$ cat work-v4.tsv   # TSV, C-alpha atoms
chain	number	residue	atom	x	y	z
A	1	MET	CA	30.06	-41.17	-38.38
A	2	LEU	CA	33.26	-42.91	-39.26
A	3	ASP	CA	33.65	-44.74	-35.97
A	4	SER	CA	33.15	-48.22	-37.37
A	5	TRP	CA	36.19	-47.95	-39.64
A	6	PRO	CA	39.20	-49.81	-38.25
A	7	GLY	CA	42.05	-47.60	-37.15
A	8	ARG	CA	39.84	-44.54	-37.02
A	9	ALA	CA	40.10	-44.00	-33.28
A	10	GLN	CA	43.83	-44.66	-33.07
A	11	THR	CA	44.98	-42.73	-36.10
A	12	ALA	CA	42.40	-39.98	-36.35
A	13	GLN	CA	43.91	-37.09	-38.26
A	14	PRO	CA	42.15	-33.74	-37.92
A	15	ASP	CA	43.27	-32.69	-41.40
A	16	ARG	CA	42.05	-35.82	-43.15
A	17	LYS	CA	38.98	-34.08	-44.54
A	18	ASP	CA	41.18	-31.42	-46.10
A	19	ARG	CA	43.22	-33.93	-48.11
A	20	ASP	CA	42.42	-34.29	-51.78
A	21	ASP	CA	40.92	-37.44	-53.26
A	22	LEU	CA	44.14	-38.66	-54.83
A	23	ASP	CA	45.96	-38.45	-51.50
A	24	LEU	CA	43.18	-40.39	-49.80
A	25	VAL	CA	43.29	-43.02	-52.57
A	26	GLN	CA	47.01	-43.44	-51.99
A	27	GLY	CA	46.38	-43.72	-48.26
A	28	THR	CA	43.77	-46.41	-48.83
A	29	LEU	CA	46.13	-48.33	-51.09
A	30	SER	CA	48.73	-48.12	-48.34
A	31	GLY	CA	46.34	-49.95	-46.05
A	32	ARG	CA	44.54	-47.05	-44.31
A	33	ARG	CA	40.90	-48.01	-44.69
A	34	GLU	CA	39.88	-44.98	-42.65
A	35	ASP	CA	41.06	-42.83	-45.58
A	36	PHE	CA	38.48	-44.56	-47.71
A	37	ALA	CA	35.86	-43.62	-45.12
A	38	VAL	CA	36.56	-39.97	-45.88
A	39	LEU	CA	36.07	-40.63	-49.60
A	40	VAL	CA	32.74	-42.30	-48.81
A	41	GLU	CA	31.57	-39.40	-46.68
A	42	ARG	CA	32.72	-36.90	-49.31
A	43	HIS	CA	30.95	-38.46	-52.29
A	44	GLN	CA	27.98	-40.45	-50.94
A	45	ARG	CA	25.43	-37.62	-51.17
A	46	SER	CA	26.01	-36.55	-54.76
A	47	LEU	CA	26.37	-40.19	-55.81
A	48	GLN	CA	23.06	-41.10	-54.13
A	49	ARG	CA	21.30	-38.14	-55.81
A	50	PHE	CA	22.74	-39.11	-59.18
A	51	VAL	CA	21.92	-42.83	-58.90
A	52	GLU	CA	18.45	-42.05	-57.57
A	53	GLN	CA	17.81	-40.05	-60.72
A	54	GLN	CA	19.14	-42.88	-62.86
A	55	VAL	CA	17.11	-45.70	-61.31
A	56	GLY	CA	14.17	-43.70	-59.94
A	57	ASP	CA	14.06	-45.50	-56.63
A	58	ARG	CA	15.69	-44.54	-53.35
A	59	ALA	CA	16.12	-48.02	-51.91
A	60	ALA	CA	17.59	-49.38	-55.14
A	61	ALA	CA	19.86	-46.35	-55.37
A	62	ASP	CA	21.04	-46.91	-51.80
A	63	GLU	CA	21.98	-50.48	-52.70
A	64	ILE	CA	23.82	-49.37	-55.86
A	65	VAL	CA	25.71	-46.66	-53.98
A	66	GLN	CA	26.88	-49.21	-51.43
A	67	MET	CA	27.94	-51.60	-54.18
A	68	THR	CA	29.73	-48.76	-55.97
A	69	PHE	CA	31.86	-47.95	-52.96
A	70	VAL	CA	32.63	-51.58	-52.21
A	71	GLN	CA	33.60	-52.25	-55.84
A	72	GLY	CA	35.51	-48.99	-55.84
A	73	TYR	CA	37.44	-50.15	-52.79
A	74	THR	CA	38.27	-53.64	-54.04
A	75	ARG	CA	39.26	-52.33	-57.49
A	76	LEU	CA	41.06	-49.24	-56.28
A	77	ALA	CA	44.39	-50.57	-57.52
A	78	SER	CA	43.06	-50.30	-61.08
A	79	PHE	CA	42.41	-46.55	-60.66
A	80	ARG	CA	45.00	-44.83	-62.85
A	81	ALA	CA	44.25	-41.20	-62.02
A	82	GLN	CA	43.78	-40.37	-65.71
A	83	ALA	CA	40.43	-38.96	-64.63
A	84	SER	CA	39.46	-37.75	-61.17
A	85	PHE	CA	38.54	-40.30	-58.52
A	86	LYS	CA	35.01	-38.93	-58.59
A	87	THR	CA	34.69	-39.55	-62.35
A	88	TRP	CA	36.07	-43.06	-61.92
A	89	LEU	CA	33.63	-43.73	-59.09
A	90	TYR	CA	30.73	-42.51	-61.22
A	91	SER	CA	31.78	-44.84	-64.04
A	92	VAL	CA	31.50	-47.75	-61.58
A	93	ALA	CA	28.06	-46.49	-60.52
A	94	MET	CA	26.90	-46.05	-64.11
A	95	ASN	CA	27.87	-49.62	-64.97
A	96	LEU	CA	25.90	-50.89	-61.99
A	97	CYS	CA	22.91	-48.76	-63.05
A	98	ARG	CA	23.12	-50.22	-66.56
A	99	ASP	CA	23.31	-53.75	-65.17
A	100	ARG	CA	20.20	-53.08	-63.14
A	101	ALA	CA	18.37	-51.55	-66.12
A	102	ARG	CA	19.26	-54.55	-68.25
A	103	SER	CA	18.02	-56.95	-65.61
A	104	GLU	CA	14.77	-55.08	-65.10
A	105	LYS	CA	14.31	-54.32	-68.83
A	106	ARG	CA	12.36	-51.25	-68.13
A	107	ARG	CA	12.98	-47.56	-68.06
A	108	ALA	CA	13.33	-46.14	-64.59
A	109	THR	CA	10.27	-44.22	-63.56
A	110	VAL	CA	8.96	-43.18	-60.21
A	111	PRO	CA	5.30	-43.89	-59.67
A	112	VAL	CA	3.80	-41.41	-57.26
A	113	GLU	CA	3.01	-44.20	-54.79
A	114	ASP	CA	6.69	-45.20	-54.74
A	115	ALA	CA	7.72	-41.60	-54.24
A	116	LEU	CA	5.36	-41.38	-51.29
A	117	GLU	CA	7.16	-44.31	-49.70
A	118	MET	CA	10.41	-42.36	-50.06
A	119	VAL	CA	9.26	-39.66	-47.65
A	120	PRO	CA	12.00	-39.15	-45.05
A	121	SER	CA	11.59	-38.00	-41.49
A	122	THR	CA	11.85	-34.32	-42.51
A	123	GLN	CA	8.23	-34.68	-43.73
A	124	PRO	CA	7.97	-32.64	-46.95
A	125	THR	CA	4.51	-31.70	-48.09
A	126	LEU	CA	2.51	-34.01	-50.31
A	127	GLU	CA	2.76	-31.46	-53.12
A	128	GLU	CA	6.56	-31.43	-52.88
A	129	VAL	CA	6.67	-35.21	-53.16
A	130	VAL	CA	4.30	-35.37	-56.13
A	131	VAL	CA	6.06	-32.56	-58.01
A	132	GLY	CA	9.41	-34.23	-57.32
A	133	ALA	CA	8.12	-37.49	-58.76
A	134	THR	CA	6.84	-35.68	-61.87
A	135	VAL	CA	10.24	-34.10	-62.49
A	136	GLN	CA	11.92	-37.49	-62.07
A	137	ARG	CA	9.51	-38.99	-64.60
A	138	ARG	CA	10.30	-36.22	-67.08
A	139	VAL	CA	14.03	-36.71	-66.64
A	140	ALA	CA	13.61	-40.48	-67.01
A	141	ALA	CA	11.82	-39.91	-70.34
A	142	LEU	CA	14.81	-38.11	-71.89
A	143	PRO	CA	16.95	-39.96	-74.46
A	144	ASP	CA	19.68	-41.99	-72.73
A	145	ARG	CA	22.62	-39.73	-73.45
A	146	GLN	CA	20.76	-36.55	-72.53
A	147	ARG	CA	19.54	-38.10	-69.28
A	148	SER	CA	23.03	-39.26	-68.34
A	149	VAL	CA	24.64	-35.90	-69.13
A	150	LEU	CA	21.94	-33.98	-67.29
A	151	SER	CA	22.07	-36.23	-64.22
A	152	LEU	CA	25.87	-36.18	-64.05
A	153	ARG	CA	25.83	-32.40	-64.31
A	154	ILE	CA	22.90	-31.46	-62.08
A	155	TRP	CA	23.06	-34.13	-59.39
A	156	GLY	CA	26.63	-35.38	-59.78
A	157	ASP	CA	28.19	-31.90	-60.11
A	158	LEU	CA	30.69	-33.22	-62.66
A	159	SER	CA	32.41	-30.94	-65.16
A	160	PHE	CA	31.50	-31.34	-68.84
A	161	ARG	CA	35.05	-32.52	-69.49
A	162	ASP	CA	34.65	-35.30	-66.90
A	163	ILE	CA	31.18	-36.14	-68.22
A	164	GLY	CA	32.59	-36.40	-71.74
A	165	SER	CA	35.41	-38.70	-70.68
A	166	LEU	CA	33.00	-40.83	-68.65
A	167	LEU	CA	30.54	-41.25	-71.53
A	168	GLY	CA	33.19	-41.53	-74.24
A	169	ILE	CA	32.11	-38.34	-76.01
A	170	SER	CA	33.72	-34.94	-76.44
A	171	GLU	CA	33.23	-32.09	-74.00
A	172	ASN	CA	31.32	-30.19	-76.69
A	173	SER	CA	29.01	-33.12	-77.41
A	174	ALA	CA	28.25	-33.33	-73.69
A	175	LYS	CA	27.34	-29.63	-73.69
A	176	VAL	CA	25.12	-30.02	-76.76
A	177	SER	CA	23.33	-33.00	-75.14
A	178	TYR	CA	22.86	-30.95	-71.99
A	179	HIS	CA	21.48	-28.05	-74.05
A	180	HIS	CA	18.95	-30.36	-75.73
A	181	ALA	CA	17.92	-31.89	-72.41
A	182	ILE	CA	17.31	-28.46	-70.89
A	183	ARG	CA	15.26	-27.33	-73.90
A	184	ARG	CA	13.11	-30.46	-73.74
A	185	LEU	CA	12.50	-30.09	-70.02
A	186	LYS	CA	11.66	-26.43	-70.42
A	187	HIS	CA	9.17	-27.36	-73.14
A	188	TRP	CA	7.54	-29.95	-70.86
A	189	LEU	CA	7.50	-27.66	-67.86
A	190	VAL	CA	5.89	-24.85	-69.86
A	191	GLU	CA	3.31	-27.33	-71.20
A	192	ALA	CA	2.55	-28.53	-67.68
A	193	HIS	CA	1.60	-25.04	-66.46
B	1	MET	CA	8.54	-30.10	-82.04
B	2	ILE	CA	11.80	-30.24	-80.17
B	3	GLY	CA	15.02	-29.99	-82.12
B	4	ILE	CA	13.10	-29.53	-85.35
B	5	GLY	CA	10.43	-27.05	-86.29
B	6	LYS	CA	11.62	-23.48	-86.69
B	7	PRO	CA	14.91	-23.27	-88.57
B	8	VAL	CA	18.01	-22.56	-86.55
B	9	ARG	CA	20.65	-20.20	-87.92
B	10	VAL	CA	24.11	-21.70	-88.39
B	11	ARG	CA	25.60	-19.20	-85.94
B	12	CYS	CA	23.05	-20.17	-83.26
B	13	PHE	CA	23.57	-23.87	-84.03
B	14	LEU	CA	27.31	-23.64	-83.48
B	15	LEU	CA	26.88	-21.48	-80.38
B	16	ARG	CA	24.98	-24.13	-78.39
B	17	PRO	CA	27.92	-25.50	-76.38
B	18	THR	CA	29.21	-21.97	-75.85
B	19	LEU	CA	25.82	-20.88	-74.50
B	20	VAL	CA	26.06	-23.60	-71.86
B	21	SER	CA	29.36	-22.17	-70.60
B	22	PHE	CA	27.98	-18.63	-70.85
B	23	ALA	CA	24.94	-19.54	-68.75
B	24	ASP	CA	27.23	-21.25	-66.21
B	25	GLY	CA	29.32	-18.10	-65.99
B	26	THR	CA	32.46	-20.03	-66.97
B	27	LEU	CA	32.97	-18.56	-70.45
B	28	PRO	CA	36.11	-16.42	-70.56
B	29	GLU	CA	36.66	-13.22	-72.52
B	30	PRO	CA	36.63	-12.40	-75.41
B	31	ALA	CA	34.12	-15.18	-76.17
B	32	ARG	CA	31.84	-13.85	-73.46
B	33	SER	CA	31.56	-10.43	-75.13
B	34	ASP	CA	30.96	-12.13	-78.50
B	35	VAL	CA	28.03	-14.06	-77.03
B	36	GLU	CA	26.61	-10.94	-75.37
B	37	ARG	CA	26.66	-9.13	-78.74
B	38	HIS	CA	24.90	-12.10	-80.35
B	39	LEU	CA	22.27	-12.27	-77.61
B	40	ALA	CA	21.44	-8.60	-78.11
B	41	GLY	CA	20.01	-9.48	-81.52
B	42	CYS	CA	18.83	-13.09	-81.04
B	43	SER	CA	15.73	-13.82	-78.99
B	44	GLY	CA	16.04	-17.60	-79.52
B	45	CYS	CA	19.49	-17.84	-77.94
B	46	THR	CA	18.42	-15.42	-75.19
B	47	ASP	CA	15.54	-17.75	-74.33
B	48	ASP	CA	17.99	-20.67	-74.28
B	49	VAL	CA	20.30	-18.89	-71.82
B	50	VAL	CA	17.35	-18.16	-69.53
B	51	ALA	CA	16.34	-21.85	-69.68
B	52	LEU	CA	19.92	-22.97	-69.07
B	53	ARG	CA	19.92	-20.92	-65.88
B	54	GLU	CA	16.39	-21.54	-64.61
B	55	VAL	CA	15.71	-25.20	-65.42
B	56	PRO	CA	18.72	-26.66	-63.50
B	57	ALA	CA	17.79	-24.57	-60.44
B	58	LEU	CA	14.21	-25.80	-60.75
B	59	LEU	CA	15.32	-29.41	-61.07
B	60	ARG	CA	17.44	-29.18	-57.95
B	61	ARG	CA	14.53	-27.68	-56.02
B	62	ARG	CA	11.86	-30.05	-57.26
B	63	THR	CA	13.51	-33.44	-57.10
B	64	ALA	CA	12.60	-35.87	-54.34
B	65	PRO	CA	13.50	-34.52	-50.90
B	66	ALA	CA	16.98	-35.40	-49.67
B	67	PRO	CA	17.30	-38.17	-47.09
B	68	ASP	CA	18.00	-37.20	-43.51
B	69	GLU	CA	21.31	-37.63	-41.65
B	70	ARG	CA	20.31	-41.04	-40.27
B	71	PHE	CA	20.07	-42.37	-43.81
B	72	TRP	CA	23.63	-41.24	-44.63
B	73	ALA	CA	25.00	-42.64	-41.36
B	74	ARG	CA	23.34	-46.00	-41.95
B	75	GLN	CA	24.67	-46.08	-45.53
B	76	ARG	CA	28.20	-45.38	-44.31
B	77	GLU	CA	27.89	-48.10	-41.68
B	78	SER	CA	26.83	-50.64	-44.32
B	79	ILE	CA	29.72	-49.67	-46.58
B	80	ALA	CA	32.16	-49.84	-43.68
B	81	ARG	CA	31.04	-53.37	-42.81
B	82	ALA	CA	31.36	-54.52	-46.43
B	83	VAL	CA	34.77	-52.89	-46.83
B	84	GLN	CA	36.07	-54.51	-43.66
B	85	ALA	CA	35.01	-57.89	-45.01
B	86	ALA	CA	36.49	-57.21	-48.47
B	87	PRO	CA	40.10	-57.98	-49.44
B	88	ALA	CA	42.50	-55.04	-49.38
B	89	PRO	CA	42.73	-53.29	-52.79
B	90	ARG	CA	46.26	-54.44	-53.63
B	91	ALA	CA	45.49	-58.04	-52.71
B	92	ALA	CA	42.42	-57.86	-54.93
B	93	ALA	CA	44.52	-56.58	-57.83
B	94	ARG	CA	46.97	-59.48	-57.48
B	95	GLY	CA	44.01	-61.83	-57.42
B	96	VAL	CA	42.85	-60.45	-60.74
B	97	GLU	CA	46.28	-60.96	-62.26
B	98	LEU	CA	46.42	-64.57	-61.02
B	99	ARG	CA	42.93	-65.17	-62.30
B	100	TRP	CA	44.16	-64.48	-65.84
B	101	LEU	CA	47.24	-66.69	-65.58
B	102	VAL	CA	45.46	-69.98	-66.33
B	103	PRO	CA	43.49	-68.79	-69.40
B	104	ALA	CA	46.58	-66.98	-70.69
B	105	ALA	CA	48.69	-70.14	-70.37
B	106	ALA	CA	45.96	-72.15	-72.12
B	107	ALA	CA	45.80	-69.63	-74.97
B	108	ALA	CA	49.60	-69.70	-75.37
B	109	ALA	CA	49.59	-73.50	-75.50
B	110	LEU	CA	46.82	-73.46	-78.13
B	111	LEU	CA	48.79	-70.98	-80.25
B	112	LEU	CA	51.85	-73.21	-80.05
B	113	VAL	CA	49.86	-76.26	-81.16
B	114	VAL	CA	48.35	-74.35	-84.12
B	115	ARG	CA	51.78	-73.16	-85.26
B	116	LEU	CA	53.37	-76.62	-85.01
B	117	TRP	CA	50.50	-78.52	-86.57
B	118	ARG	CA	50.94	-79.59	-90.22
B	119	PRO	CA	47.98	-81.16	-92.01
B	120	THR	CA	48.77	-84.51	-93.61
B	121	GLU	CA	46.40	-83.90	-96.52
B	122	SER	CA	44.76	-80.89	-98.12
B	123	VAL	CA	41.32	-79.92	-96.93
B	124	VAL	CA	40.51	-78.80	-100.51
B	125	PRO	CA	39.18	-81.61	-102.76
B	126	ALA	CA	41.56	-82.65	-105.54
B	127	THR	CA	39.02	-81.71	-108.19
B	128	ALA	CA	38.64	-78.12	-107.01
B	129	PRO	CA	40.21	-75.47	-109.30
B	130	VAL	CA	42.63	-74.32	-106.65
B	131	THR	CA	44.90	-72.21	-108.86
B	132	ALA	CA	42.10	-70.61	-110.90
B	133	VAL	CA	40.80	-68.49	-108.05
B	134	PRO	CA	43.01	-66.19	-106.01
B	135	ALA	CA	43.02	-66.74	-102.31
B	136	GLY	CA	40.13	-65.09	-100.56
B	137	GLU	CA	37.90	-64.66	-103.59
B	138	GLU	CA	36.03	-67.88	-103.05
B	139	THR	CA	34.97	-66.63	-99.65
B	140	MET	CA	33.73	-63.37	-101.16
B	141	VAL	CA	31.76	-65.17	-103.87
B	142	THR	CA	30.23	-67.39	-101.24
B	143	ALA	CA	29.34	-64.39	-99.18
B	144	MET	CA	27.84	-62.61	-102.19
B	145	ASN	CA	25.67	-65.61	-103.02
B	146	GLU	CA	24.27	-65.76	-99.51
B	147	PRO	CA	20.86	-64.21	-99.05
B	148	GLY	CA	20.94	-60.67	-97.68
B	149	PRO	CA	19.02	-59.40	-94.68
B	150	VAL	CA	15.28	-59.64	-94.99
B	151	VAL	CA	13.69	-56.20	-95.16
B	152	PRO	CA	10.09	-56.18	-94.03
B	153	GLU	CA	7.66	-54.64	-96.47
B	154	ASP	CA	5.76	-52.72	-93.82
B	155	VAL	CA	8.62	-50.56	-92.55
B	156	PRO	CA	7.00	-48.12	-90.11
B	157	THR	CA	7.27	-44.44	-90.84
B	158	LEU	CA	9.24	-42.31	-88.39
B	159	ASP	CA	7.19	-40.32	-85.97
B	160	GLU	CA	8.01	-36.78	-84.98
B	161	THR	CA	9.71	-37.73	-81.72
B	162	THR	CA	11.98	-40.21	-83.49
B	163	ILE	CA	12.92	-37.60	-86.07
B	164	ALA	CA	13.60	-35.10	-83.28
B	165	ASN	CA	15.81	-37.65	-81.51
B	166	LEU	CA	17.71	-38.36	-84.72
B	167	GLY	CA	18.18	-34.63	-85.29
B	168	GLU	CA	19.48	-34.14	-81.77
B	169	SER	CA	21.82	-37.13	-82.03
B	170	LEU	CA	23.24	-35.69	-85.25
B	171	ASP	CA	23.58	-32.35	-83.53
B	172	GLU	CA	25.50	-33.97	-80.66
B	173	GLU	CA	27.86	-35.66	-83.09
B	174	ILE	CA	28.40	-32.37	-84.88
B	175	GLY	CA	29.21	-30.91	-81.47
B	176	GLY	CA	32.05	-33.44	-81.32
B	177	LEU	CA	33.33	-32.43	-84.75
B	178	SER	CA	33.23	-28.82	-83.71
B	179	ASP	CA	35.16	-29.74	-80.58
B	180	ALA	CA	37.83	-31.37	-82.72
B	181	GLY	CA	38.11	-28.20	-84.84
B	182	LEU	CA	36.78	-29.92	-87.95
B	183	ILE	CA	34.03	-27.35	-88.45

$ encode --input "work-v4.tsv" --output "structure tokens"
Amino acid sequence: MLDSWPGRAQTAQPDRKDRDDLDLVQGTLSGRREDFAVLVERHQRSLQRFVEQQVGDRAAADEIVQMTFVQGYTRLASFRAQASFKTWLYSVAMNLCRDRARSEKRRATVPVEDALEMVPSTQPTLEEVVVGATVQRRVAALPDRQRSVLSLRIWGDLSFRDIGSLLGISENSAKVSYHHAIRRLKHWLVEAH
Amino acid sequence: MIGIGKPVRVRCFLLRPTLVSFADGTLPEPARSDVERHLAGCSGCTDDVVALREVPALLRRRTAPAPDERFWARQRESIARAVQAAPAPRAAARGVELRWLVPAAAAAALLLVVRLWRPTESVVPATAPVTAVPAGEETMVTAMNEPGPVVPEDVPTLDETTIANLGESLDEEIGGLSDAGLI
């Protein structure tokens, strides 16, 4: 669904989706906004999953994802390709999540009633929704660094090297944080059953 | 309970980041064989590897259901509208540079004024023992005479969770040292 992007119909390239991120960034900087549309389509799902875990609310996450892409677009000239485009995009999203957390001054949690409002048209069972909300609450209760590493890894699909560079820690520290997060969650999950 | 409790052997402690790669299936040889030998005699690390494989899969399955295709299409439409209304990236970058021109010029002018300015009289009173004290020491003495931070008498004791968090933070920092080859 890229039809609303200018130039899409006239310059549609069948191989656009096969081009790597860096190439699409260059294309966007050359004035081809439709190249940016491919970047949006490529990264929106994992970014939404990641942000949703960070803020615990689908509507708020949707807003942050949109802001991330718009900021990413307007600031694209500052992207230096020292990290991948995806890592850079996630750093923009993380800053927006932090801004939101600061403004709300509360830890993101998902009350069950909020989770119920998030039910999409695919109609999952009530149990699926409640269990999903419980997992989100557990993840939200992790220490900040562990939660960020876990979310970037599980829902963002980032490498530990990229996670480390994004959070300003070493690759090994990111792995150790991840290890701790998994052990904590396992402990909670075992307790819950 | 978590991160503290039963003692962890040094070997297991240092293996934590390696176990993550092992569980992911990304650990190359010969490290992989080393870990397999260690796991054969270490139930704690074996449990960790099982958790590192099962918990992520569980998290992916049990998180809130994914939105449907209409949600993604609507999100893309909103982004497309905002991007069309936004300035092109290169134009935005030039705007940023121009935005800094005025403050930079003001800062340069201020620096020039400070460098050219000569005080007509000393700010130090004539009676002050200027030569008796080396430059900088007066500031230190002043600082030393200032009251220090007030420490409350009823400092709360650390609970178990806080201690566990501190232990894990230390562990994460040690992970960085290990990464740098310092240990």

$ atom_distance --input "work-v4.tsv" --atom1 "CA of Ser165 in chain A" --atom2 "CA of Ala83 in chain A"
7.9 Å

$ residues_near_point --input "work-v4.tsv" --point "(20.0, -51.3, -63.8)" --cutoff "12 Å" --atoms "only C-alpha atoms" --output "PDB file with C-alpha atoms, in the coordinates of the input"
ATOM      1  CA  VAL A  51      21.920 -42.830 -58.900  1.00  0.00           C
ATOM      2  CA  GLU A  52      18.450 -42.050 -57.570  1.00  0.00           C
ATOM      3  CA  GLN A  53      17.810 -40.050 -60.720  1.00  0.00           C
ATOM      4  CA  GLN A  54      19.140 -42.880 -62.860  1.00  0.00           C
ATOM      5  CA  VAL A  55      17.110 -45.700 -61.310  1.00  0.00           C
ATOM      6  CA  GLY A  56      14.170 -43.700 -59.940  1.00  0.00           C
ATOM      7  CA  ASP A  57      14.060 -45.500 -56.630  1.00  0.00           C
ATOM      8  CA  ALA A  60      17.590 -49.380 -55.140  1.00  0.00           C
ATOM      9  CA  ALA A  61      19.860 -46.350 -55.370  1.00  0.00           C
ATOM     10  CA  GLU A  63      21.980 -50.480 -52.700  1.00  0.00           C
ATOM     11  CA  ILE A  64      23.820 -49.370 -55.860  1.00  0.00           C
ATOM     12  CA  ALA A  93      28.060 -46.490 -60.520  1.00  0.00           C
ATOM     13  CA  MET A  94      26.900 -46.050 -64.110  1.00  0.00           C
ATOM     14  CA  ASN A  95      27.870 -49.620 -64.970  1.00  0.00           C
ATOM     15  CA  LEU A  96      25.900 -50.890 -61.990  1.00  0.00           C
ATOM     16  CA  CYS A  97      22.910 -48.760 -63.050  1.00  0.00           C
ATOM     17  CA  ARG A  98      23.120 -50.220 -66.560  1.00  0.00           C
ATOM     18  CA  ASP A  99      23.310 -53.750 -65.170  1.00  0.00           C
ATOM     19  CA  ARG A 100      20.200 -53.080 -63.140  1.00  0.00           C
ATOM     20  CA  ALA A 101      18.370 -51.550 -66.120  1.00  0.00           C
ATOM     21  CA  ARG A 102      19.260 -54.550 -68.250  1.00  0.00           C
ATOM     22  CA  SER A 103      18.020 -56.950 -65.610  1.00  0.00           C
ATOM     23  CA  GLU A 104      14.770 -55.080 -65.100  1.00  0.00           C
ATOM     24  CA  LYS A 105      14.310 -54.320 -68.830  1.00  0.00           C
ATOM     25  CA  ARG A 106      12.360 -51.250 -68.130  1.00  0.00           C
ATOM     26  CA  ARG A 107      12.980 -47.560 -68.060  1.00  0.00           C
ATOM     27  CA  ALA A 108      13.330 -46.140 -64.590  1.00  0.00           C
TER      28      ALA A 108
END

$ residues_near_point --input "work-v4.tsv" --point "(24.9, -19.6, -72.2)" --cutoff "10 Å" --atoms "all atoms listed in the file" --output "MDAnalysis selection string"
(chainID A and resid 179) or (chainID B and resid 15:27 32 35:36 39 45:53)

$ closest_residue --input "work-v4.tsv" --among "B:Ala85, B:Ala40, B:Leu116, B:Ala107" --to "Val70 in chain A" --atoms "all atoms listed in the file"
B:Ala85

$ closest_residue --input "work-v4.tsv" --among "A:Gln26, A:Ser91, A:Gln71, A:Gln66" --to "chain B" --atoms "all atoms listed in the file"
A:Gln66

$ atom_distance --input "work-v4.tsv" --atom1 "CA of Ser78 in chain A" --atom2 "CA of Val83 in chain B"
16.7 Å

$ closest_residue --input "work-v4.tsv" --among "B:Pro28, B:Ser33, B:His38, B:Gln84" --to "chain A" --atoms "all atoms listed in the file"
B:Gln84

$ atom_distance --input "work-v4.tsv" --atom1 "CA of Phe50 in chain A" --atom2 "CA of Glu168 in chain B"
23.4 Å

$ closest_residue --input "work-v4.tsv" --among "B:Val114, B:Ala86, B:Cys12, B:Ala106" --to "chain A" --atoms "all atoms listed in the file"
B:Ala86

$ residues_around --input "work-v4.tsv" --residues "range 141-149 of chain A" --least-positions-apart "3" --cutoff "8 Å" --atoms "only C-alpha atoms" --output "number ranges by chain"
A: 54, 137-138, 152-153, 163, 174, 177-178, 180-181; B: 165
